[in-house]
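Peer 1: Quick one, final.txt (compact mmCIF, C-alpha atoms and all ligand atoms):
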```
# COMPACT_ATOMS: atom_id res chain seq x y z
CA MET A 1 0.00 0.00 0.00
CA ASP A 2 2.56 2.44 1.14
CA ASN A 3 4.77 1.60 -1.73
CA ARG A 4 2.14 2.14 -4.24
CA ARG A 5 1.05 5.43 -2.71
CA SER A 6 4.58 6.67 -2.66
CA PHE A 7 4.97 5.53 -6.23
CA LEU A 8 1.94 7.57 -7.28
CA LYS A 9 3.11 10.52 -5.27
CA LYS A 10 6.44 10.27 -6.88
CA PHE A 11 4.96 9.93 -10.30
CA VAL A 12 2.70 12.97 -9.97
CA GLY A 13 5.45 14.86 -8.30
CA ILE A 14 7.92 14.18 -10.96
CA GLY A 15 5.71 14.10 -13.94
CA GLY A 16 3.37 16.94 -12.88
CA LEU A 17 4.64 19.37 -15.42
CA VAL A 18 4.72 16.84 -18.14
CA VAL A 19 1.61 14.84 -17.37
CA ALA A 20 -0.75 17.73 -16.66
CA PRO A 21 -0.68 19.24 -20.16
CA ALA A 22 -1.15 15.77 -21.60
CA VAL A 23 -4.24 15.20 -19.46
CA SER A 24 -5.68 18.58 -20.37
CA ARG A 25 -5.12 17.89 -24.04
CA VAL A 26 -6.99 14.61 -23.67
CA ALA A 27 -9.85 16.38 -21.85
CA GLU A 28 -9.98 19.06 -24.52
CA ALA A 29 -9.93 16.52 -27.28
CA ALA A 30 -12.84 14.75 -25.64
CA GLN A 31 -14.89 17.94 -25.82
CA ASN A 32 -13.64 19.97 -28.75
CA ALA A 33 -13.94 19.24 -32.40
CA ALA A 34 -11.43 20.65 -34.80
CA ILE A 35 -11.93 22.06 -38.27
CA LYS A 36 -9.15 20.47 -40.26
CA ASN A 37 -9.90 22.04 -43.59
CA ILE A 38 -12.43 24.26 -45.37
CA ARG A 39 -13.19 23.83 -49.04
CA LEU A 40 -14.90 26.56 -51.06
CA SER A 41 -16.67 25.90 -54.32
CA GLN A 42 -19.04 27.85 -56.50
CA SER A 43 -21.64 26.68 -58.99
CA ASN A 44 -24.07 29.02 -60.71
CA ASN A 45 -25.32 31.14 -57.88
CA ARG A 46 -24.47 28.91 -54.99
CA THR A 47 -21.36 29.18 -52.90
CA ARG A 48 -20.66 26.00 -51.00
CA LEU A 49 -18.35 25.68 -48.02
CA VAL A 50 -17.42 22.24 -46.75
CA PHE A 51 -15.88 22.06 -43.30
CA ASP A 52 -13.86 18.90 -42.70
CA LEU A 53 -14.14 17.95 -39.03
CA ASP A 54 -12.57 15.33 -36.85
CA ARG A 55 -15.86 14.48 -35.12
CA SER A 56 -19.55 15.28 -35.08
CA ILE A 57 -20.58 18.77 -34.00
CA GLU A 58 -23.58 20.84 -33.02
CA HIS A 59 -24.10 24.03 -34.94
CA SER A 60 -26.53 26.84 -35.57
CA LEU A 61 -26.93 29.31 -38.39
CA PHE A 62 -28.49 32.73 -38.76
CA ARG A 63 -28.56 35.69 -41.11
CA LEU A 64 -28.07 39.38 -40.42
CA ASN A 65 -28.93 42.25 -42.75
CA ASN A 66 -27.35 45.65 -43.31
CA PRO A 67 -24.67 44.69 -43.99
CA GLU A 68 -25.48 41.19 -45.17
CA ARG A 69 -23.89 38.54 -43.00
CA VAL A 70 -24.34 34.89 -42.26
CA VAL A 71 -23.23 33.68 -38.85
CA LEU A 72 -22.28 30.09 -38.16
CA ASP A 73 -21.87 29.02 -34.52
CA ILE A 74 -20.26 25.67 -33.87
CA LYS A 75 -20.24 24.29 -30.33
CA ASN A 76 -16.98 23.18 -28.74
CA THR A 77 -14.97 23.56 -31.86
CA ARG A 78 -11.82 25.29 -32.86
CA LEU A 79 -10.20 26.19 -36.09
CA LEU A 80 -6.83 24.41 -36.38
CA ASP A 81 -5.41 27.03 -38.72
CA SER A 82 -6.82 30.55 -38.95
CA GLY A 83 -5.08 30.83 -42.32
CA LEU A 84 -7.82 28.63 -43.72
CA VAL A 85 -10.27 31.53 -43.83
CA GLU A 86 -7.98 34.50 -44.32
CA GLU A 87 -8.04 34.64 -48.10
CA MET A 88 -11.46 33.10 -48.51
CA GLN A 89 -13.60 35.18 -50.88
CA ASN A 90 -15.46 35.18 -54.16
CA SER A 91 -18.05 37.34 -55.95
CA LEU A 92 -20.54 36.72 -53.16
CA LEU A 93 -18.23 36.30 -50.21
CA LYS A 94 -16.44 39.48 -49.16
CA GLY A 95 -14.53 37.84 -46.36
CA VAL A 96 -14.63 35.52 -43.37
CA ARG A 97 -13.99 36.38 -39.71
CA THR A 98 -13.74 34.00 -36.78
CA GLY A 99 -14.04 34.39 -33.05
CA VAL A 100 -14.39 32.36 -29.88
CA ARG A 101 -17.62 32.47 -27.87
CA ASN A 102 -18.40 31.08 -24.42
CA GLY A 103 -14.80 30.00 -24.08
CA ASN A 104 -15.09 26.97 -26.34
CA ASP A 105 -17.47 27.75 -29.15
CA LEU A 106 -16.42 28.91 -32.56
CA ARG A 107 -18.22 31.71 -34.35
CA ILE A 108 -17.60 32.20 -38.07
CA VAL A 109 -18.98 35.34 -39.69
CA PHE A 110 -19.34 35.44 -43.46
CA ASP A 111 -19.48 38.97 -44.85
CA LEU A 112 -21.50 39.03 -48.05
CA ASN A 113 -22.06 41.24 -51.06
CA ASP A 114 -25.65 40.17 -51.46
CA ASN A 115 -28.70 38.86 -49.73
CA VAL A 116 -28.53 35.08 -49.53
CA THR A 117 -30.50 32.08 -48.38
CA PRO A 118 -28.14 30.08 -46.18
CA ARG A 119 -28.61 26.35 -45.68
CA SER A 120 -26.52 23.91 -43.71
CA PHE A 121 -26.37 20.22 -43.14
CA VAL A 122 -23.93 17.69 -41.71
CA LEU A 123 -22.60 14.61 -43.41
CA ARG A 124 -21.61 11.50 -41.51
CA PRO A 125 -18.31 9.79 -42.29
CA GLU A 126 -18.33 7.52 -45.29
CA ALA A 127 -15.76 5.93 -47.55
CA GLY A 128 -12.87 8.33 -47.87
CA ALA A 129 -14.52 11.22 -46.04
CA GLY A 130 -14.89 12.09 -42.37
CA HIS A 131 -17.43 14.28 -40.56
CA ARG A 132 -18.41 17.27 -42.67
CA LEU A 133 -20.50 20.36 -42.22
CA VAL A 134 -21.82 21.85 -45.44
CA LEU A 135 -22.88 25.48 -45.71
CA ASP A 136 -24.63 26.61 -48.87
CA LEU A 137 -25.09 30.30 -49.58
CA GLU A 138 -27.57 30.83 -52.37
CA ASP A 139 -27.67 34.21 -54.01
CA LYS A 140 -31.35 35.20 -53.69
CA ASN A 141 -31.31 37.50 -56.69
CA SER A 142 -30.10 34.91 -59.10
CA ILE A 143 -30.96 31.45 -57.90
CA PRO A 144 -31.65 29.37 -61.00
CA PHE A 145 -34.75 27.85 -59.40
CA ALA A 146 -36.10 31.25 -58.38
CA LYS A 147 -35.51 32.38 -61.94
CA THR A 148 -37.66 29.57 -63.27
CA VAL A 149 -40.36 30.50 -60.81
CA LYS A 150 -40.17 34.10 -61.96
CA GLU A 151 -40.46 33.02 -65.58
CA LYS A 152 -43.51 30.92 -64.89
CA PRO A 153 -46.07 33.72 -65.08
CA LYS A 154 -44.98 34.27 -68.67
CA LEU A 155 -46.71 31.02 -69.48
CA ARG A 156 -50.41 31.49 -69.98
CA ASP A 157 -53.60 29.53 -69.78
CA VAL A 158 -55.31 28.20 -72.86
CA ILE A 159 -58.43 30.36 -73.16
CA ILE A 160 -61.70 28.68 -74.00
CA ALA A 161 -64.54 30.96 -75.07
CA ILE A 162 -67.91 29.39 -74.27
CA ASP A 163 -70.76 30.79 -76.26
CA ALA A 164 -74.28 29.98 -75.11
CA GLY A 165 -76.29 30.18 -78.31
CA HIS A 166 -79.18 32.65 -78.71
CA GLY A 167 -80.47 34.69 -75.75
CA GLY A 168 -82.87 37.49 -74.90
CA ARG A 169 -85.40 38.17 -77.65
CA ASP A 170 -83.87 35.33 -79.66
CA PRO A 171 -85.01 32.17 -77.82
CA GLY A 172 -83.67 29.76 -80.46
CA ALA A 173 -85.55 26.51 -80.95
CA SER A 174 -88.08 25.18 -78.46
CA GLY A 175 -89.31 21.76 -77.46
CA HIS A 176 -92.70 20.25 -76.80
CA LEU A 177 -92.39 20.86 -73.07
CA GLY A 178 -91.71 24.51 -73.80
CA THR A 179 -87.96 24.19 -73.23
CA ARG A 180 -86.14 27.07 -74.88
CA GLU A 181 -82.77 26.58 -76.57
CA LYS A 182 -81.40 29.84 -75.12
CA ASP A 183 -81.92 28.56 -71.54
CA ILE A 184 -80.44 25.13 -72.14
CA THR A 185 -77.36 26.52 -73.85
CA LEU A 186 -76.74 28.93 -70.97
CA GLN A 187 -77.13 26.17 -68.38
CA ILE A 188 -74.64 23.90 -70.16
CA ALA A 189 -72.30 26.85 -70.80
CA ARG A 190 -72.21 27.70 -67.10
CA LYS A 191 -71.52 24.07 -66.15
CA LEU A 192 -68.75 23.88 -68.72
CA HIS A 193 -67.34 27.16 -67.41
CA ARG A 194 -67.30 25.80 -63.87
CA ILE A 195 -65.34 22.64 -64.72
CA ILE A 196 -62.91 24.30 -67.13
CA LYS A 197 -62.15 26.84 -64.41
CA LYS A 198 -60.94 23.98 -62.22
CA TYR A 199 -58.82 22.50 -65.00
CA PRO A 200 -55.14 23.40 -64.60
CA GLY A 201 -53.85 25.41 -67.54
CA MET A 202 -57.21 26.38 -68.98
CA LYS A 203 -59.25 29.53 -68.51
CA PRO A 204 -62.88 29.74 -69.56
CA VAL A 205 -64.63 32.89 -70.75
CA LEU A 206 -68.42 33.03 -70.93
CA ILE A 207 -69.41 34.93 -74.06
CA ARG A 208 -73.01 35.27 -72.85
CA ASN A 209 -73.76 35.08 -69.15
CA GLY A 210 -77.42 35.98 -68.85
CA ASP A 211 -80.64 36.09 -70.79
CA TYR A 212 -79.89 38.89 -73.23
CA TYR A 213 -79.55 39.24 -76.94
CA MET A 214 -76.08 39.26 -78.42
CA ALA A 215 -75.22 39.63 -82.09
CA LEU A 216 -73.11 36.88 -83.60
CA ARG A 217 -70.36 39.25 -84.60
CA ASP A 218 -70.22 40.58 -81.02
CA ARG A 219 -69.76 37.03 -79.82
CA VAL A 220 -66.85 36.52 -82.21
CA LYS A 221 -65.43 39.89 -81.19
CA LYS A 222 -65.65 39.04 -77.48
CA ALA A 223 -63.86 35.75 -78.09
CA ARG A 224 -61.12 37.49 -80.02
CA ASP A 225 -60.86 40.35 -77.48
CA ASN A 226 -60.30 37.71 -74.82
CA LYS A 227 -57.59 36.14 -77.01
CA ALA A 228 -59.47 32.86 -77.06
CA ASP A 229 -57.67 29.78 -78.31
CA LEU A 230 -60.96 28.07 -79.00
CA LEU A 231 -64.58 29.12 -79.33
CA ILE A 232 -67.27 26.62 -78.49
CA SER A 233 -70.74 27.73 -79.48
CA LEU A 234 -73.44 25.68 -77.75
CA HIS A 235 -76.79 24.99 -79.36
CA ALA A 236 -79.65 22.53 -79.34
CA ASP A 237 -80.86 21.16 -82.63
CA SER A 238 -84.38 21.03 -83.97
CA TYR A 239 -85.89 19.36 -86.98
CA ARG A 240 -89.29 18.85 -88.53
CA ASP A 241 -89.01 15.14 -87.90
CA THR A 242 -89.21 14.75 -84.10
CA ARG A 243 -87.39 11.43 -84.40
CA ALA A 244 -84.15 13.19 -85.34
CA ARG A 245 -81.70 12.71 -82.49
CA GLY A 246 -78.11 12.89 -81.34
CA SER A 247 -75.43 15.54 -81.16
CA SER A 248 -73.52 17.11 -84.03
CA VAL A 249 -70.36 19.13 -84.22
CA TYR A 250 -69.74 21.77 -86.87
CA ALA A 251 -66.69 23.64 -88.05
CA LEU A 252 -66.60 26.43 -90.61
CA SER A 253 -66.37 25.29 -94.16
CA VAL A 254 -64.17 26.99 -96.72
CA ASP A 255 -66.55 26.53 -99.61
CA GLY A 256 -69.93 26.58 -97.97
CA ALA A 257 -71.98 23.93 -96.29
CA SER A 258 -70.82 20.35 -96.61
CA SER A 259 -74.33 18.98 -96.48
CA GLU A 260 -77.86 20.13 -97.19
CA THR A 261 -78.74 19.90 -93.52
CA ALA A 262 -75.72 21.95 -92.62
CA ARG A 263 -76.77 24.64 -95.06
CA TRP A 264 -80.26 24.66 -93.64
CA LEU A 265 -78.91 24.87 -90.07
CA ALA A 266 -76.49 27.59 -90.99
CA GLU A 267 -79.37 29.66 -92.32
CA LYS A 268 -81.36 29.00 -89.16
CA GLU A 269 -78.55 29.81 -86.70
CA ASN A 270 -77.36 32.79 -88.66
CA ALA A 271 -80.89 34.10 -88.82
CA SER A 272 -80.66 35.18 -85.20
CA ASP A 273 -78.77 38.26 -86.29
CA LEU A 274 -81.76 39.22 -88.42
CA ILE A 275 -84.09 38.44 -85.52
CA GLY A 276 -82.03 40.84 -83.46
CA GLY A 277 -82.41 43.42 -86.20
CA VAL A 278 -78.71 43.50 -86.94
CA LYS A 279 -77.51 42.63 -90.38
CA LEU A 280 -74.13 41.09 -90.90
CA ASP A 281 -73.44 43.93 -93.37
CA ASN A 282 -70.61 43.08 -95.68
CA LYS A 283 -69.32 40.50 -93.26
CA ASP A 284 -69.65 37.74 -95.83
CA ASP A 285 -67.51 39.62 -98.34
CA MET A 286 -64.92 40.17 -95.69
CA VAL A 287 -65.00 36.54 -94.72
CA ALA A 288 -64.73 35.49 -98.36
CA GLU A 289 -61.49 37.43 -98.55
CA VAL A 290 -60.18 35.99 -95.37
CA LEU A 291 -61.04 32.53 -96.59
CA LEU A 292 -58.24 32.86 -99.08
CA ASP A 293 -55.85 33.27 -96.25
CA LEU A 294 -53.98 30.09 -95.47
CA SER A 295 -54.15 30.85 -91.78
CA LEU A 296 -57.88 30.31 -91.92
CA THR A 297 -57.38 26.95 -93.56
CA GLY A 298 -55.16 26.15 -90.59
CA THR A 299 -57.82 27.43 -88.22
CA ILE A 300 -60.45 25.27 -89.90
CA GLN A 301 -58.14 22.28 -89.69
CA SER A 302 -57.74 22.89 -85.95
CA SER A 303 -61.49 23.33 -85.60
CA LEU A 304 -62.11 19.99 -87.32
CA ASP A 305 -59.48 18.38 -85.13
CA VAL A 306 -60.90 19.61 -81.81
CA GLY A 307 -64.41 18.92 -83.12
CA ASP A 308 -63.39 15.32 -83.76
CA GLU A 309 -62.19 14.92 -80.17
CA ILE A 310 -65.40 16.35 -78.75
CA LEU A 311 -67.55 14.24 -81.04
CA GLY A 312 -65.62 11.17 -79.91
CA GLU A 313 -66.36 11.98 -76.27
CA LEU A 314 -70.02 12.71 -76.99
CA LYS A 315 -70.28 9.27 -78.61
CA ARG A 316 -69.27 7.79 -75.28
CA ILE A 317 -72.18 9.39 -73.41
CA GLY A 318 -74.92 9.14 -76.03
CA ARG A 319 -75.88 9.18 -79.64
CA VAL A 320 -74.38 11.34 -82.31
CA HIS A 321 -76.43 12.58 -85.21
CA LYS A 322 -73.58 12.67 -87.70
CA LYS A 323 -70.47 10.55 -87.18
CA ARG A 324 -68.14 13.18 -88.64
CA VAL A 325 -67.62 16.83 -87.88
CA GLN A 326 -69.81 18.75 -90.30
CA GLN A 327 -68.78 21.91 -92.00
CA ALA A 328 -71.04 24.89 -92.52
CA GLY A 329 -70.93 28.63 -92.91
CA PHE A 330 -72.06 29.61 -89.41
CA ALA A 331 -71.34 33.24 -88.72
CA VAL A 332 -70.27 32.49 -85.17
CA LEU A 333 -67.52 30.28 -86.57
CA LYS A 334 -66.19 32.93 -88.93
CA SER A 335 -63.21 33.99 -86.92
CA PRO A 336 -60.09 33.83 -89.06
CA ASP A 337 -57.71 33.14 -86.23
CA VAL A 338 -59.72 31.40 -83.51
CA PRO A 339 -60.52 27.72 -84.04
CA SER A 340 -64.26 27.58 -83.54
CA ILE A 341 -66.81 24.84 -83.35
CA LEU A 342 -70.55 24.82 -83.06
CA LEU A 343 -72.09 22.07 -81.03
CA GLU A 344 -75.67 20.94 -81.41
CA THR A 345 -75.80 19.07 -78.11
CA ALA A 346 -79.04 17.19 -78.88
CA PHE A 347 -82.41 17.64 -80.60
CA ILE A 348 -84.71 19.81 -78.55
CA SER A 349 -87.40 18.84 -81.05
CA ASN A 350 -87.13 15.21 -79.97
CA PRO A 351 -89.22 14.79 -76.77
CA LYS A 352 -86.81 12.21 -75.31
CA GLU A 353 -83.80 14.41 -75.93
CA GLU A 354 -85.64 17.47 -74.72
CA ARG A 355 -86.01 15.81 -71.32
CA LYS A 356 -82.31 14.97 -71.34
CA LEU A 357 -81.39 18.53 -72.24
CA ARG A 358 -83.38 19.77 -69.25
CA SER A 359 -81.70 17.39 -66.81
CA PRO A 360 -78.87 19.02 -64.80
CA ALA A 361 -77.17 15.62 -64.52
CA HIS A 362 -77.15 15.16 -68.29
CA GLN A 363 -76.02 18.75 -68.78
CA ARG A 364 -73.07 18.06 -66.48
CA LYS A 365 -72.29 14.87 -68.38
CA THR A 366 -72.30 16.81 -71.65
CA ALA A 367 -70.06 19.53 -70.20
CA LYS A 368 -67.59 16.90 -68.95
CA ALA A 369 -67.52 15.18 -72.35
CA ILE A 370 -66.77 18.52 -74.03
CA LEU A 371 -63.95 19.23 -71.57
CA ARG A 372 -62.45 15.78 -72.17
CA GLY A 373 -62.46 16.39 -75.91
CA VAL A 374 -60.96 19.85 -75.48
CA SER A 375 -58.24 18.63 -73.10
CA ASP A 376 -57.36 15.71 -75.38
CA TYR A 377 -56.98 18.11 -78.26
CA PHE A 378 -54.84 20.59 -76.32
CA SER A 379 -52.70 17.86 -74.82
CA ARG A 380 -51.60 17.21 -78.41
CA LYS A 381 -51.73 20.72 -79.82
CA ALA A 382 -51.34 23.27 -77.08
CA PRO A 383 -50.45 26.75 -78.36
CA PRO A 384 -46.81 27.62 -77.64
CA GLY A 385 -46.26 29.57 -74.44
CA THR A 386 -49.16 27.99 -72.61
CA TRP A 387 -49.05 25.84 -69.52
CA LEU A 388 -50.56 23.01 -71.47
CA SER A 389 -47.70 23.10 -73.96
CA LEU A 390 -45.47 22.01 -71.08
CA ASN A 391 -47.91 19.47 -69.80
CA ASN A 392 -45.91 16.48 -70.87
CA LYS A 393 -44.52 15.32 -67.58
CA GLU A 394 -45.34 11.78 -66.67
CA HIS A 395 -45.00 9.95 -63.40
CA LYS A 396 -44.85 6.18 -63.16
CA ILE A 397 -46.27 4.81 -59.95
CA VAL A 398 -43.99 2.77 -57.73
CA GLY A 399 -44.88 0.99 -54.50
CA GLY A 400 -45.88 3.07 -51.49
CA GLU A 401 -47.00 6.08 -53.49
CA SER A 402 -50.34 7.78 -53.08
CA ILE A 403 -52.27 10.65 -54.65
CA ALA A 404 -51.25 12.72 -51.65
CA SER A 405 -47.53 11.89 -51.85
CA ILE A 406 -47.35 12.55 -55.60
CA SER A 407 -49.25 15.82 -55.25
CA LYS A 408 -46.80 16.87 -52.57
CA GLN A 409 -43.81 15.84 -54.67
CA TYR A 410 -44.88 18.04 -57.59
CA ASN A 411 -46.39 20.78 -55.46
CA ILE A 412 -49.83 20.44 -56.97
CA THR A 413 -53.25 19.80 -55.48
CA SER A 414 -54.74 16.31 -55.31
CA THR A 415 -57.83 17.68 -57.08
CA ASP A 416 -55.77 18.84 -60.06
CA LEU A 417 -53.86 15.58 -60.22
CA LYS A 418 -57.06 13.54 -60.17
CA MET A 419 -58.82 15.80 -62.65
CA VAL A 420 -56.05 15.69 -65.25
CA ASN A 421 -55.80 11.94 -64.94
CA ARG A 422 -59.55 11.43 -64.74
CA LEU A 423 -59.22 9.55 -61.48
CA THR A 424 -62.42 9.16 -59.55
CA GLY A 425 -61.00 7.36 -56.51
CA ASP A 426 -57.68 7.30 -54.67
CA HIS A 427 -56.61 3.91 -55.92
CA LEU A 428 -53.31 3.73 -57.84
CA ARG A 429 -51.61 0.68 -59.25
CA ILE A 430 -47.89 0.11 -59.60
CA GLY A 431 -46.70 0.92 -63.09
CA GLN A 432 -49.63 3.26 -63.76
CA LYS A 433 -48.59 6.46 -65.53
CA LEU A 434 -49.94 9.79 -64.35
CA LYS A 435 -49.87 13.11 -66.15
CA ILE A 436 -48.42 15.80 -63.95
CA PRO A 437 -50.18 19.10 -64.50
CA TYR A 438 -48.58 22.46 -64.01
CA THR A 439 -50.36 24.66 -61.55
CA THR A 440 -51.41 28.13 -62.49
CA THR A 441 -51.14 29.37 -58.95
CA ALA A 442 -47.36 28.94 -58.68
ZN ZN A 501 -79.13 27.32 -81.97
```
Output the file's structure as structure tokens, nothing else.
Peer 2:
Amino acid sequence: MDNRRSFLKKFVGIGGLVVAPAVSRVAEAAQNAAIKNIRLSQSNNRTRLVFDLDRSIEHSLFRLNNPERVVLDIKNTRLLDSGLVEEMQNSLLKGVRTGVRNGNDLRIVFDLNDNVTPRSFVLRPEAGAGHRLVLDLEDKNSIPFAKTVKEKPKLRDVIIAIDAGHGGRDPGASGHLGTREKDITLQIARKLHRIIKKYPGMKPVLIRNGDYYMALRDRVKKARDNKADLLISLHADSYRDTRARGSSVYALSVDGASSETARWLAEKENASDLIGGVKLDNKDDMVAEVLLDLSLTGTIQSSLDVGDEILGELKRIGRVHKKRVQQAGFAVLKSPDVPSILLETAFISNPKEERKLRSPAHQRKTAKAILRGVSDYFSRKAPPGTWLSLNNKEHKIVGGESIASISKQYNITSTDLKMVNRLTGDHLRIGQKLKIPYTTTA
């Protein structure tokens, strides 16, 4: 016992000066981390600083304005070589200062030329690399992502002009139950307006939104004033023979009506301008001139194309009167630069169809079929510079994904995602491909 004690005494006594610093170094090492190296890199508008550490650390980060600074506090850490930060600067970074806080903590102040968004994260050791602290300084005024966001509003919605046929003193055709075409067309128009409004990338414009008379040329003018990409004129057919049934779609013809019926209808629908006491003046001469313009041929081609899509969707919910898109000289279609179609939704003169036309549920069904046709058309031929022209992103479902998780991933609403993909429930299957819409609210 005595021997040992004296041995210890002797040891401490002799080695005191030597041993003590060694012990303190061990104690310090147990508490303090050391920054061994700092690496600076720059890409686009991000300055990245990687701190190589000998162990894990606790840190905090904050920003100060006027002048712009970012402050990094690291607990129980020291900088092995102050020379590491002395010359550190770039276009964003004016300089770096360091100081000690609370005796053991390291404070690093980054003086900046610009307002930044600082972000930090730590990396655990992995093959070839030890503990690291990463500090990213993103230049707020020129972050590539922010730039894209800023550019987004330049993209526009596809504008759909919805024209409820007739109105006011021009009631249009009427059915046996006294149903008036002007009321039916407005009801369907408003339903179509409501669902298009919810469709990402499309904006509806109601050409007539009430029971008032509107000249055909004013309808075309309103569509053009609103820079419409498509004009849909809604009507309900009538015929002497009450058995006539089904929907028809018309586009403007270059050389007059493509069928006798179409010619007859064109006269009937165009007659509303005369009913309203307004003549089309020399409109036909003007149109005849424009018809020579190739751009109109293109417009007619687009009208036939979108008409085809809508007709295809209408076939799915009921009968069609004519299997192909008809062409006629309707005045409401005579817009040289706006693809326009006229839709005879059903025969108001047919008692069965009259009842359908009056039913809100069937009106909604019709509106949805029109929207499907329109969206199918624009998913192929969206005008440049519109949201829909970018709408080509696809997402393939893998295990564990849900409507909610995908919506979150792309920063869109579940409603938009379901609408674009025509999903009625929340069920997804692996391998299923979803269209990812762009939001207009971004
Ligand atoms: Zn009509």
Peer 1: Given all atoms listed in the file as the basis, pick out the residue of A:Leu186, A:Leu53, A:Leu423, A:Ala173 nearest to ligand ZN 501 (chain A).
Peer 2: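 Of A:Leu186, A:Leu53, A:Leu423, A:Ala173, the one nearest ligand ZN 501 (chain A) is A:Ala173, counting all atoms listed in the file.
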Peer 1: Leaving out range 306-314 of chain A and any residue of its chain fewer than 6 positions from it, which residues lie within 8 Å of it when counting all atoms listed in the file, given as a list in words?
Peer 2: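 Answer for this query is Ser247, Ser248, Val249, Tyr250, Ala251, Val320, Lys323, Arg324, Val325, Ile341, Thr366, Ala369, Ile370, Leu371, Arg372, Gly373, Val374, Asp376 and Tyr377 of chain A.
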Peer 1: List the neighbours of Glu401 in chain A out to 12 Å using only C-alpha atoms; skip same-chain residues closer than 3 positions along the sequence, and give me the result as a PDB file with C-alpha atoms, in the frame of the given file.
Peer 2:
```pdb
ATOM      1  CA  HIS A 395     -45.000   9.950 -63.400  1.00  0.00           C
ATOM      2  CA  LYS A 396     -44.850   6.180 -63.160  1.00  0.00           C
ATOM      3  CA  ILE A 397     -46.270   4.810 -59.950  1.00  0.00           C
ATOM      4  CA  VAL A 398     -43.990   2.770 -57.730  1.00  0.00           C
ATOM      5  CA  ALA A 404     -51.250  12.720 -51.650  1.00  0.00           C
ATOM      6  CA  SER A 405     -47.530  11.890 -51.850  1.00  0.00           C
ATOM      7  CA  ILE A 406     -47.350  12.550 -55.600  1.00  0.00           C
ATOM      8  CA  SER A 407     -49.250  15.820 -55.250  1.00  0.00           C
ATOM      9  CA  LYS A 408     -46.800  16.870 -52.570  1.00  0.00           C
ATOM     10  CA  GLN A 409     -43.810  15.840 -54.670  1.00  0.00           C
ATOM     11  CA  ASP A 426     -57.680   7.300 -54.670  1.00  0.00           C
ATOM     12  CA  HIS A 427     -56.610   3.910 -55.920  1.00  0.00           C
ATOM     13  CA  LEU A 428     -53.310   3.730 -57.840  1.00  0.00           C
ATOM     14  CA  ARG A 429     -51.610   0.680 -59.250  1.00  0.00           C
ATOM     15  CA  ILE A 430     -47.890   0.110 -59.600  1.00  0.00           C
ATOM     16  CA  GLY A 431     -46.700   0.920 -63.090  1.00  0.00           C
ATOM     17  CA  GLN A 432     -49.630   3.260 -63.760  1.00  0.00           C
ATOM     18  CA  LEU A 434     -49.940   9.790 -64.350  1.00  0.00           C
TER      19      LEU A 434
END
```
Peer 1: Using all atoms listed in the file, find the one residue out of A:Asp229, A:Asp337, A:Glu353, A:Asp54 that sits nearest to Gly130 in chain A.
Peer 2: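 Counting all atoms listed in the file, the residue closest to Gly130 in chain A is A:Asp54.
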Peer 1: Please enclose the listed atoms of range 153-162 of chain A in an axis-aligned box, pad each side by 6 Å, and write out the centre and the three edge lengths in Å, rounded to one decimal, as JSON.
Peer 2:
```
{"center_x": -56.4, "center_y": 31.2, "center_z": -70.1, "size_x": 34.9, "size_y": 18.1, "size_z": 22.0}
```
